[in-house]
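> Following this line is start.txt, made up of compact mmCIF, C-alpha atoms:
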# COMPACT_ATOMS: atom_id res chain seq x y z
CA MET A 1 -32.23 40.15 -34.67
CA SER A 2 -29.31 41.99 -36.20
CA TYR A 3 -27.83 38.87 -37.79
CA GLY A 4 -28.21 35.12 -37.67
CA LEU A 5 -30.77 32.77 -39.17
CA SER A 6 -34.55 32.58 -38.80
CA VAL A 7 -36.77 29.84 -40.20
CA PHE A 8 -40.45 30.56 -40.69
CA LYS A 9 -43.30 28.07 -40.88
CA ALA A 10 -45.68 27.85 -43.81
CA ASP A 11 -48.16 30.10 -42.02
CA GLY A 12 -45.52 32.81 -41.67
CA SER A 13 -44.95 32.34 -37.93
CA LEU A 14 -41.44 31.98 -36.58
CA GLY A 15 -40.32 28.37 -36.20
CA PHE A 16 -36.66 28.75 -35.33
CA SER A 17 -34.25 31.58 -34.70
CA THR A 18 -30.59 31.45 -33.80
CA ALA A 19 -31.26 34.48 -31.61
CA ASP A 20 -33.26 32.30 -29.19
CA VAL A 21 -30.72 29.55 -28.76
CA THR A 22 -28.80 29.45 -25.48
CA TRP A 23 -27.67 25.81 -25.30
CA GLN A 24 -26.64 23.63 -28.18
CA THR A 25 -26.82 19.86 -28.49
CA VAL A 26 -23.34 18.45 -29.04
CA ALA A 27 -24.01 14.73 -29.01
CA GLN A 28 -26.29 12.04 -27.76
CA PHE A 29 -25.18 8.48 -27.04
CA THR A 30 -26.21 5.46 -25.02
CA VAL A 31 -23.90 3.84 -22.47
CA SER A 32 -24.45 0.18 -21.64
CA ALA A 33 -24.91 -1.04 -18.08
CA ASN A 34 -21.67 -1.03 -16.06
CA ALA A 35 -19.68 0.37 -18.99
CA THR A 36 -17.12 3.17 -18.96
CA VAL A 37 -17.07 5.45 -22.00
CA ALA A 38 -15.00 8.55 -22.79
CA ASN A 39 -15.88 10.67 -25.81
CA THR A 40 -13.97 13.77 -26.92
CA TYR A 41 -15.49 16.66 -28.87
CA SER A 42 -12.83 19.16 -29.91
CA GLU A 43 -15.40 21.68 -31.16
CA ILE A 44 -16.56 22.46 -27.60
CA ALA A 45 -13.15 23.20 -26.12
CA GLY A 46 -13.46 25.94 -23.53
CA MET A 47 -17.24 26.05 -23.62
CA THR A 48 -19.60 25.53 -20.70
CA VAL A 49 -20.72 21.91 -20.99
CA ILE A 50 -23.51 20.04 -19.22
CA ALA A 51 -24.75 16.48 -19.65
CA GLN A 52 -28.24 15.14 -19.21
CA ARG A 53 -28.73 11.55 -18.09
CA GLN A 54 -31.78 9.33 -18.62
CA LEU A 55 -31.86 5.72 -17.47
CA VAL A 56 -33.29 3.31 -20.04
CA ASN A 57 -35.33 0.15 -19.63
CA VAL A 58 -35.17 0.01 -15.87
CA PRO A 59 -38.06 -0.34 -13.43
CA PRO A 60 -38.40 2.70 -11.19
CA ASN A 61 -39.98 1.00 -8.21
CA ALA A 62 -38.76 -2.55 -7.84
CA GLN A 63 -35.01 -2.36 -7.40
CA GLU A 64 -32.07 -0.06 -6.92
CA ASP A 65 -30.99 1.28 -10.30
CA TYR A 66 -27.92 3.46 -10.20
CA VAL A 67 -27.15 6.20 -12.68
CA PRO A 68 -23.53 6.43 -13.89
CA ASN A 69 -21.37 9.43 -13.06
CA VAL A 70 -20.48 11.96 -15.75
CA THR A 71 -17.16 13.82 -15.65
CA ILE A 72 -16.29 16.75 -17.94
CA SER A 73 -12.56 17.32 -18.40
CA ASN A 74 -9.78 18.21 -20.83
CA ASN A 75 -10.85 21.83 -21.25
CA SER A 76 -14.48 20.69 -21.50
CA GLN A 77 -13.77 18.50 -24.50
CA THR A 78 -14.00 15.04 -22.93
CA ILE A 79 -17.13 13.49 -21.47
CA THR A 80 -16.46 10.42 -19.35
CA VAL A 81 -19.29 8.19 -18.17
CA ALA A 82 -18.54 5.56 -15.53
CA PRO A 83 -20.34 3.68 -12.73
CA GLN A 84 -20.46 5.29 -9.30
CA SER A 85 -17.72 4.00 -7.05
CA GLY A 86 -18.51 0.53 -5.77
CA LEU A 87 -21.87 0.36 -7.54
CA THR A 88 -23.28 -1.14 -10.68
CA SER A 89 -24.79 1.25 -13.19
CA SER A 90 -27.80 0.93 -15.44
CA GLN A 91 -28.03 1.59 -19.16
CA CYS A 92 -28.15 5.35 -19.67
CA ILE A 93 -28.71 7.89 -22.45
CA ILE A 94 -26.27 10.81 -22.34
CA HIS A 95 -27.26 14.12 -23.92
CA VAL A 96 -24.31 16.53 -24.09
CA LEU A 97 -25.00 20.26 -24.38
CA ALA A 98 -22.66 23.21 -24.70
CA GLN A 99 -22.81 26.95 -24.32
CA ASP A 100 -20.18 29.29 -25.74
CA ALA A 101 -20.00 31.43 -22.62
CA MET B 1 -14.59 25.40 -40.14
CA ALA B 2 -12.74 25.69 -43.42
CA TYR B 3 -15.84 25.83 -45.60
CA GLY B 4 -19.56 25.26 -45.43
CA PHE B 5 -22.27 27.09 -43.52
CA GLU B 6 -22.16 28.63 -40.09
CA ALA B 7 -24.82 30.61 -38.23
CA LYS B 8 -24.24 32.47 -35.01
CA ASN B 9 -26.61 34.19 -32.64
CA ASN B 10 -26.38 37.79 -31.48
CA ASN B 11 -23.77 36.88 -28.91
CA GLY B 12 -21.52 35.31 -31.52
CA LYS B 13 -22.23 31.76 -30.35
CA VAL B 14 -22.16 29.13 -33.07
CA ILE B 15 -25.63 27.64 -33.46
CA ILE B 16 -25.41 25.80 -36.76
CA ASN B 17 -22.40 24.38 -38.55
CA ASP B 18 -21.25 21.06 -39.96
CA THR B 19 -20.38 19.50 -36.59
CA ILE B 20 -22.90 20.69 -34.02
CA GLU B 21 -25.97 18.48 -33.91
CA ASN B 22 -29.40 20.05 -33.89
CA LEU B 23 -32.44 18.21 -32.61
CA HIS B 24 -35.62 18.39 -34.67
CA PHE B 25 -39.27 17.95 -33.79
CA ILE B 26 -40.55 14.43 -34.48
CA GLY B 27 -43.98 14.87 -32.91
CA LYS B 28 -46.02 14.71 -29.75
CA ALA B 29 -46.11 11.39 -27.93
CA THR B 30 -49.48 9.67 -27.58
CA ARG B 31 -50.88 9.20 -24.09
CA THR B 32 -52.02 5.61 -23.64
CA SER B 33 -52.94 5.23 -19.97
CA SER B 34 -53.18 7.02 -16.63
CA SER B 35 -53.41 5.99 -13.00
CA SER B 36 -53.50 7.93 -9.75
CA GLY B 37 -53.12 7.36 -6.03
CA HIS B 38 -51.12 7.93 -2.87
CA GLY B 39 -52.95 11.03 -1.70
CA THR B 40 -52.63 9.30 1.66
CA ILE B 41 -50.26 6.64 2.95
CA SER B 42 -51.64 3.47 1.49
CA GLY B 43 -53.47 1.40 4.11
CA TYR B 44 -53.21 3.94 6.94
CA SER B 45 -55.92 6.33 8.11
CA GLY B 46 -54.54 7.88 11.31
CA SER B 47 -52.65 11.10 11.97
CA ASN B 48 -50.18 12.38 9.39
CA ASN B 49 -51.48 10.12 6.66
CA SER B 50 -51.52 12.87 4.00
CA LEU B 51 -49.25 12.71 0.97
CA ASP B 52 -49.13 14.92 -2.11
CA GLY B 53 -50.48 12.19 -4.38
CA ARG B 54 -49.30 11.31 -7.81
CA VAL B 55 -50.56 10.53 -11.29
CA LEU B 56 -48.67 8.32 -13.72
CA HIS B 57 -49.30 9.00 -17.39
CA THR B 58 -47.85 6.66 -20.02
CA TYR B 59 -46.95 7.93 -23.50
CA THR B 60 -45.55 6.27 -26.61
CA ILE B 61 -43.93 7.47 -29.81
CA THR B 62 -42.35 5.57 -32.68
CA CYS B 63 -39.14 6.87 -34.26
CA SER B 64 -35.81 5.55 -35.43
CA GLY B 65 -33.61 7.78 -33.28
CA THR B 66 -33.33 8.29 -29.55
CA PRO B 67 -35.88 10.94 -28.62
CA VAL B 68 -35.35 13.74 -26.15
CA ALA B 69 -38.74 14.35 -24.53
CA PHE B 70 -39.93 17.72 -23.24
CA ILE B 71 -42.79 18.00 -20.76
CA LYS B 72 -45.19 20.85 -21.47
CA PRO B 73 -47.26 21.20 -18.28
CA VAL B 74 -50.90 22.10 -18.57
CA ASP B 75 -51.12 22.72 -14.85
CA TYR B 76 -47.90 24.56 -14.02
CA ASP B 77 -48.52 24.36 -10.26
CA ARG B 78 -47.88 20.61 -10.23
CA TRP B 79 -44.57 18.76 -10.15
CA HIS B 80 -43.59 16.74 -13.20
CA GLY B 81 -40.90 14.27 -14.15
CA ILE B 82 -40.10 11.42 -16.52
CA VAL B 83 -39.51 8.47 -14.21
CA LYS B 84 -39.09 5.78 -16.83
CA GLN B 85 -38.06 5.61 -20.47
CA SER B 86 -37.97 2.33 -22.35
CA VAL B 87 -37.78 1.14 -25.93
CA SER B 88 -39.00 -1.88 -27.86
CA ASN B 89 -37.84 -1.96 -31.47
CA THR B 90 -38.54 1.65 -32.48
CA THR B 91 -41.38 2.36 -30.07
CA TRP B 92 -40.43 4.47 -27.07
CA THR B 93 -42.48 4.53 -23.90
CA PHE B 94 -42.34 7.28 -21.29
CA GLU B 95 -43.81 7.16 -17.80
CA VAL B 96 -44.47 10.67 -16.54
CA ILE B 97 -45.21 11.39 -12.89
CA ILE B 98 -47.24 14.40 -11.76
CA SER B 99 -48.03 15.46 -8.21
CA GLY B 100 -51.67 15.43 -7.13
CA THR B 101 -54.35 12.84 -7.74
CA SER B 102 -56.40 14.36 -10.56
CA THR B 103 -55.85 12.71 -13.93
CA SER B 104 -57.25 15.74 -15.74
CA ASN B 105 -54.93 18.24 -17.43
CA PRO B 106 -52.26 15.75 -18.49
CA PRO B 107 -49.06 17.32 -19.80
CA VAL B 108 -48.06 17.20 -23.46
CA LEU B 109 -44.86 15.41 -24.42
CA TYR B 110 -42.91 16.99 -27.30
CA CYS B 111 -40.21 14.72 -28.75
CA PHE B 112 -37.05 15.64 -30.69
CA VAL B 113 -34.43 13.56 -32.51
CA ASN B 114 -31.36 14.18 -34.66
CA ALA B 115 -31.82 15.53 -38.18
CA ASP B 116 -30.97 12.18 -39.76
CA ASP B 117 -33.74 10.44 -37.81
CA ILE B 118 -36.48 12.73 -39.07
CA PRO B 119 -38.53 11.43 -42.00
CA VAL B 120 -39.14 14.18 -44.53
CA PRO B 121 -42.15 13.81 -46.83
CA SER B 122 -41.15 13.67 -50.48
CA GLY B 123 -43.23 16.73 -51.28
CA GLU B 124 -41.15 19.02 -49.09
CA THR B 125 -38.42 20.08 -51.48
CA HIS B 126 -37.63 23.57 -50.18
CA GLY B 127 -35.53 24.58 -47.22
CA MET B 128 -31.97 24.44 -46.02
CA ILE B 129 -29.91 21.41 -45.03
CA VAL B 130 -26.48 21.55 -43.42
CA PHE B 131 -24.47 18.39 -43.99
CA LYS B 132 -21.55 17.02 -42.01
CA SER B 133 -18.16 16.65 -43.61
CA ASP B 134 -19.11 13.16 -44.85
CA GLY B 135 -21.52 14.86 -47.24
CA SER B 136 -24.49 12.66 -46.37
CA SER B 137 -25.46 12.90 -42.72
CA LYS B 138 -27.11 16.11 -41.52
CA THR B 139 -26.76 18.48 -38.60
CA PHE B 140 -29.65 20.75 -39.56
CA ASP B 141 -32.77 20.55 -41.73
CA SER B 142 -35.04 23.57 -41.82
CA ARG B 143 -37.94 21.47 -43.12
CA ARG B 144 -38.33 19.72 -39.77
CA GLN B 145 -38.58 22.36 -37.06
CA PRO B 146 -35.16 22.52 -35.41
CA LEU B 147 -35.13 22.75 -31.64
CA ALA B 148 -34.19 26.07 -30.08
CA ILE B 149 -33.13 25.53 -26.46
CA THR B 150 -33.88 28.83 -24.79
CA GLY B 151 -32.65 28.09 -21.27
CA GLY B 152 -31.01 25.48 -19.14
CA GLY B 153 -28.52 24.53 -16.51
CA THR B 154 -28.23 21.88 -13.84
CA ALA B 155 -30.62 21.07 -11.02
CA VAL B 156 -30.82 18.73 -8.06
CA ALA B 157 -33.52 18.14 -5.48
CA PRO B 158 -32.80 18.79 -1.79
CA SER B 159 -31.45 15.83 0.13
CA ASP B 160 -34.53 15.55 2.35
CA PRO B 161 -37.82 14.94 0.53
CA THR B 162 -40.12 15.25 3.55
CA ASN B 163 -41.71 18.33 5.08
CA THR B 164 -40.70 17.15 8.55
CA SER B 165 -36.96 17.65 8.40
CA GLY B 166 -34.62 14.82 9.17
CA THR B 167 -34.70 11.14 8.52
CA PRO B 168 -37.59 9.41 10.28
CA GLY B 169 -36.07 6.64 12.31
CA THR B 170 -37.09 3.78 14.53
CA SER B 171 -38.26 4.41 18.07
CA THR B 172 -39.02 2.06 20.95
CA GLY B 173 -40.80 2.37 24.24
CA HIS B 174 -44.26 2.93 22.85
CA SER B 175 -47.27 1.30 24.37
CA TRP B 176 -48.40 -1.98 22.89
CA ASN B 177 -50.28 -1.53 19.58
CA TYR B 178 -49.35 2.14 19.39
CA ALA B 179 -49.61 3.19 15.75
CA THR B 180 -49.79 6.96 15.34
CA ASN B 181 -47.48 8.41 12.70
CA ASP B 182 -45.61 11.56 13.76
CA HIS B 183 -43.74 12.33 10.51
CA ASP B 184 -45.09 14.58 7.74
CA PHE B 185 -44.17 12.67 4.59
CA ARG B 186 -45.42 15.35 2.21
CA SER B 187 -42.91 17.11 -0.04
CA SER B 188 -44.66 20.37 -0.85
CA ASN B 189 -42.11 22.52 1.02
CA ARG B 190 -39.01 20.72 -0.20
CA TYR B 191 -37.39 22.03 -3.36
CA ASN B 192 -34.40 23.93 -4.71
CA ALA B 193 -35.17 26.93 -6.90
CA ASN B 194 -32.96 27.65 -9.92
CA SER B 195 -33.29 31.14 -11.34
CA ASP B 196 -33.86 30.97 -15.11
CA SER B 197 -35.26 33.91 -17.05
CA SER B 198 -36.40 31.67 -19.92
CA VAL B 199 -39.06 29.98 -17.77
CA ASN B 200 -42.65 31.12 -18.05
CA VAL B 201 -45.94 29.44 -17.23
CA SER B 202 -47.65 29.82 -20.57
CA ASN B 203 -45.56 28.11 -23.27
CA ALA B 204 -42.40 26.86 -21.57
CA MET B 205 -41.59 23.16 -21.63
CA PHE B 206 -38.65 21.33 -20.10
CA SER B 207 -36.56 18.21 -20.39
CA CYS B 208 -35.03 16.86 -17.18
CA PRO B 209 -35.24 13.15 -16.44
CA SER B 210 -35.97 12.16 -12.85
CA LEU B 211 -32.86 10.46 -11.50
CA ALA B 212 -33.09 10.67 -7.73
CA GLN B 213 -35.07 8.17 -5.70
CA ALA B 214 -35.61 8.00 -1.97
CA VAL B 215 -37.32 5.62 0.42
CA TYR B 216 -38.17 7.05 3.84
CA LYS B 217 -39.50 4.93 6.69
CA ARG B 218 -40.85 5.63 10.16
CA GLN B 219 -41.09 2.66 12.54
CA MET B 220 -42.43 2.35 16.08
CA HIS B 221 -42.07 -0.55 18.46
CA GLY B 222 -44.59 -1.03 21.27
CA HIS B 223 -44.46 -3.30 24.29
CA LYS B 224 -46.57 -4.32 27.24
CA ARG B 225 -45.93 -6.81 30.02
CA SER B 226 -48.97 -8.48 31.51
CA CYS B 227 -48.73 -10.37 34.77
CA GLY B 228 -51.15 -12.49 36.72
CA GLN B 229 -52.04 -12.10 40.33
CA TYR B 230 -49.14 -11.44 42.69
CA GLY B 231 -46.83 -10.76 39.73
CA CYS B 232 -46.57 -14.28 38.52
CA CYS B 233 -46.75 -15.72 35.03
CA CYS B 234 -45.79 -12.56 33.17
CA GLN B 235 -46.09 -12.35 29.42
CA ASP B 236 -44.64 -9.89 26.89
CA HIS B 237 -46.66 -8.35 24.11
CA TYR B 238 -44.98 -6.66 21.17
CA SER B 239 -46.18 -4.50 18.30
CA THR B 240 -44.52 -2.87 15.31
CA ALA B 241 -45.99 -0.12 13.13
CA ALA B 242 -44.15 1.13 10.04
CA TRP B 243 -44.95 3.79 7.47
CA TRP B 244 -42.87 4.16 4.31
CA VAL B 245 -42.89 6.35 1.22
CA MET B 246 -40.87 6.09 -1.98
CA TYR B 247 -40.18 9.37 -3.78
CA ARG B 248 -38.93 10.38 -7.21
CA SER B 249 -37.40 13.72 -8.00
CA ALA B 250 -39.78 15.99 -9.91
CA PHE B 251 -39.71 19.50 -11.30
CA ARG B 252 -41.88 22.59 -11.49
CA LEU B 253 -41.81 25.62 -13.76
CA ARG B 254 -42.47 29.00 -12.20
CA ASN B 255 -42.01 32.37 -13.87
CA GLY B 256 -38.25 32.90 -13.80
CA ASN B 257 -37.54 29.68 -11.90
CA PHE B 258 -36.91 26.01 -12.48
CA ASP B 259 -37.66 24.16 -9.23
CA ALA B 260 -36.23 20.74 -8.38
CA GLY B 261 -38.15 18.82 -5.73
CA TRP B 262 -39.85 15.52 -5.00
CA THR B 263 -43.15 13.76 -5.28
CA VAL B 264 -44.44 10.48 -3.90
CA TYR B 265 -44.23 7.42 -6.14
CA VAL B 266 -45.55 4.65 -3.87
CA SER B 267 -46.27 4.28 -0.18
CA GLY B 268 -47.28 1.66 2.35
CA TYR B 269 -48.03 0.83 5.95
CA SER B 270 -47.52 -2.32 7.96
CA PHE B 271 -48.55 -3.35 11.43
CA SER B 272 -47.92 -6.42 13.50
CA SER B 273 -48.97 -7.33 17.00
CA VAL B 274 -47.81 -10.38 18.86
CA ALA B 275 -48.67 -11.75 22.27
CA GLU B 276 -46.83 -14.66 23.73
CA ASP B 277 -48.76 -17.85 23.50
CA GLY B 278 -50.17 -19.69 26.47
CA GLY B 279 -50.43 -18.64 30.05
CA TRP B 280 -53.02 -16.37 31.52
CA PHE B 281 -53.56 -14.10 28.55
CA GLY B 282 -53.34 -16.48 25.64
CA GLY B 283 -51.56 -15.90 22.37
CA GLY B 284 -52.83 -14.13 19.33
CA GLY B 285 -51.88 -11.00 17.50
CA GLY B 286 -51.33 -10.87 13.79
CA SER B 287 -49.92 -8.73 11.07
CA TRP B 288 -50.75 -7.20 7.74
CA SER B 289 -49.22 -4.74 5.31
CA SER B 290 -50.14 -2.63 2.29
CA GLY B 291 -47.42 -3.25 -0.24
CA SER B 292 -43.77 -3.81 0.43
CA MET B 293 -40.84 -1.43 0.37
CA PRO B 294 -38.88 -1.54 -2.89
CA TYR B 295 -35.62 -1.46 -0.95
CA THR B 296 -34.33 -0.46 2.45
CA ALA B 297 -34.71 3.19 3.38
CA LYS B 298 -32.11 5.31 1.59
CA THR B 299 -31.62 7.97 -1.08
CA ILE B 300 -29.94 7.10 -4.37
CA ASN B 301 -28.92 8.99 -7.50
CA LEU B 302 -29.15 12.37 -5.81
CA GLN B 303 -26.99 14.12 -8.40
CA SER B 304 -27.29 17.25 -10.49
CA ASN B 305 -28.82 16.62 -13.89
CA ALA B 306 -28.97 18.94 -16.85
CA TYR B 307 -32.30 20.59 -17.58
CA ILE B 308 -33.22 22.43 -20.76
CA ILE B 309 -36.09 24.78 -21.59
CA ALA B 310 -37.82 25.48 -24.90
CA ASP B 311 -40.88 27.29 -26.23
CA SER B 312 -43.59 24.73 -27.02
CA SER B 313 -45.60 27.13 -29.18
CA ARG B 314 -42.97 26.93 -31.91
CA TYR B 315 -43.92 23.27 -32.47
CA ASP B 316 -47.72 23.50 -32.41
If you convert what's in this file into structure tokens, what do you get?


Amino acid sequence: MSYGLSVFKADGSLGFSTADVTWQTVAQFTVSANATVANTYSEIAGMTVIAQRQLVNVPPNAQEDYVPNVTISNNSQTITVAPQSGLTSSQCIIHVLAQDA
Amino acid sequence: MAYGFEAKNNNGKVIINDTIENLHFIGKATRTSSSSGHGTISGYSGSNNSLDGRVLHTYTITCSGTPVAFIKPVDYDRWHGIVKQSVSNTTWTFEVIISGTSTSNPPVLYCFVNADDIPVPSGETHGMIVFKSDGSSKTFDSRRQPLAITGGGTAVAPSDPTNTSGTPGTSTGHSWNYATNDHDFRSSNRYNANSDSSVNVSNAMFSCPSLAQAVYKRQMHGHKRSCGQYGCCCQDHYSTAAWWVMYRSAFRLRNGNFDAGWTVYVSGYSFSSVAEDGGWFGGGGGSWSSGSMPYTAKTINLQSNAYIIADSSRYD
């Protein structure tokens, strides 16, 4: 690497390098069942943003559990989580990631 | 930023500063149980009874934050996915599905949490910490193996999980007691490939929760009319055979590709046969089933989800 930061483990092997990083965690939050949440992160304006969803505490085989929709807007700064139209939504962990493309 | 510390990579992207969170390695989750099944449609032994099978491994880890779990496959040819994540107090439980029926070669689950949720032993006094503007909470702590996400994007499984294309429906006009399945419920040919140069089949691990579910059902109705001599005293006989499979979306790592597909979660078969009571041919019939469908046949949560890739060897 020509510049950046590397962290080595006690045995001298590489543990972390900024040169390897392609996506960065921006935030992680939990949205309650049937809730609508909008969070804004000004530091990721204009970046490429993706959101990972993981349902929490729901049975996978006994009922219909619906994941909420995620919308990215406002020049990629605002993450809105809301139930799918006409459906209930289950509790969900949202993991927001950004890439300075 | 007006002051503080900032690190960028070779492309000038900000990787560390006082606002961007970094996940850190909390440990590998402990596998507590395994079960396997559904290599065939449960309860049915006729034609087209083959499924891909699945193994469910359960893992737990205790931590104060909300962990992001990465699956490190041991057998990269199989499909993997986290189908359930739950928490009780600070103990998190993950249910991981894998295609196939062998419980050997279980994957390893690497877990990561925010810097503030990582306990640091008192003896570790050297390293670098980046604090947020409040001066107390952290975005980065070099003493606890920060996560480097090396690849990622979004992925979604194809809309049809079964090798026989199209939705298996209900058909009538079959002979009484006819029960021969004509739909290939396996999923081995059904996936969407996502090109990703960070994926290899030696050290790569991924995080991508399984969101999509599908229940597919094939049903056949049979009928026979029996009449006595000279066409009198006719009776109707009816039969119904139904095969169903529930799927969860699952993922596979190939060199240069992240594949999004499906694997079976549960399956079942039911059969009923009824003859009208009385008359020349008597009543009778009966019915039985292996399990019950979780809900009516449909696909839900078929949406793109973010996937991320990392190098597991950095955390061994």

> Residues of chain A within 8 Å of chain B, counting all atoms listed in the file, what are they? List them as a ChimeraX atom specification.

/A:1-5,7,14-27,43,50-64,66-67,99-100

> Would you mind listing, for every residue of region 154-189 of chain B within 12 Å of region 41-44 of chain B, the two atoms forming the shortest contact and the distance between them in Å to one decimal, using all atoms listed in the file, sorted by chain and ascending residue number, as CSV?


residue,atom,partner,partner_atom,distance
B:Ala179,CA,B:Tyr44,CA,9.5
B:Thr180,CA,B:Tyr44,CA,9.6
B:Asn181,CA,B:Tyr44,CA,9.3
B:His183,CA,B:Ile41,CA,11.5
B:Asp184,CA,B:Ile41,CA,10.6
B:Phe185,CA,B:Ile41,CA,8.7
B:Arg186,CA,B:Ile41,CA,10.0

> Find the distance between CA of Ser136 (chain B) and CA of Ala29 (chain B) and write it in Å to one decimal.

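Separation between CA of Ser136 (chain B) and CA of Ala29 (chain B): 28.4 Å.
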
> Could you check the closest approach to Ala157 (chain B) for each of B:Asn105, B:Thr172, B:Ser289, B:Ser249 and tell me which residue wins, using all atoms listed in the file?

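For Ala157 (chain B), the nearest of the candidates is B:Ser249.
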
> Could you please determine the separation between CA of His38 (chain B) and CA of Asp52 (chain B) in Å, to one decimal place?

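Those two atoms sit 7.3 Å apart.
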
> Contacts of Ser73 (chain A) at 10 Å or less, counting all atoms listed in the file, minus same-chain residues fewer than 5 places along, as a PDB file with C-alpha atoms, in the coordinates of the input?


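Saved the output as part-v4.pdb:
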ATOM      1  CA  THR A  40     -13.970  13.770 -26.920  1.00  0.00           C
ATOM      2  CA  ALA A  45     -13.150  23.200 -26.120  1.00  0.00           C
ATOM      3  CA  VAL A  49     -20.720  21.910 -20.990  1.00  0.00           C
ATOM      4  CA  THR A  78     -14.000  15.040 -22.930  1.00  0.00           C
ATOM      5  CA  ILE A  79     -17.130  13.490 -21.470  1.00  0.00           C
ATOM      6  CA  THR A  80     -16.460  10.420 -19.350  1.00  0.00           C
TER       7      THR A  80
END

> Please list as a list in words every residue within 10 Å of Ser137 (chain B), counting only C-alpha atoms and excluding residues in the same chain fewer than 4 positions away.

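Surrounding residues, per the criterion: Asp18, Ala115, Asp116, Asp117, Ile129, Val130, Phe131, Lys132 and Ser133 of chain B.
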
> Calculate how many Å separate CA of Ser104 (chain B) from CA of Asp160 (chain B), rounding to one decimal.

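That distance, rounded to one decimal, is 29.0 Å.
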
> May I have the residues within 7 Å of Cys63 (chain B) as an mmCIF file with C-alpha atoms, keeping the file's coordinate frame, using all atoms listed in the file and disregarding those fewer than 2 positions away in the same chain?


data_model
loop_
_atom_site.group_PDB
_atom_site.id
_atom_site.type_symbol
_atom_site.label_atom_id
_atom_site.label_comp_id
_atom_site.auth_asym_id
_atom_site.auth_seq_id
_atom_site.Cartn_x
_atom_site.Cartn_y
_atom_site.Cartn_z
ATOM 1 C CA ILE B 61 -43.930 7.470 -29.810
ATOM 2 C CA GLY B 65 -33.610 7.780 -33.280
ATOM 3 C CA THR B 90 -38.540 1.650 -32.480
ATOM 4 C CA THR B 91 -41.380 2.360 -30.070
#

> Give me the residues within 12 Å of Leu253 (chain B) as an NGL selection string, counting only C-alpha atoms and dropping any in the same chain fewer than 2 places off.

:B and (71-81 or 191-208 or 250-251 or 255-261 or 307-310)

> When you count all atoms listed in the file, which of these residues is closest to Leu87 (chain A): A:Asn39, A:Met47, A:Ser13, A:Asn69?

A:Asn69

> Taking only C-alpha atoms into account, which of A:Thr48, A:Gln77, A:Ser6, A:Gln28 comes nearest Ala98 (chain A)?

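Once distances to Ala98 (chain A) are computed over only C-alpha atoms, the minimum belongs to A:Thr48.
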
> Which one is closest to Ser90 (chain A): A:Val37, A:Val70, A:Ile44, A:Val31? Count all atoms listed in the file.

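Among the listed residues, A:Val31 lies closest to Ser90 (chain A).
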
> Which polymer residues have any atom within 7 Å of an atom of Ser226 (chain B), counting only C-alpha atoms, with same-chain residues fewer than 5 positions away left out, as a VMD selection string?

chain B and resid 234 to 236
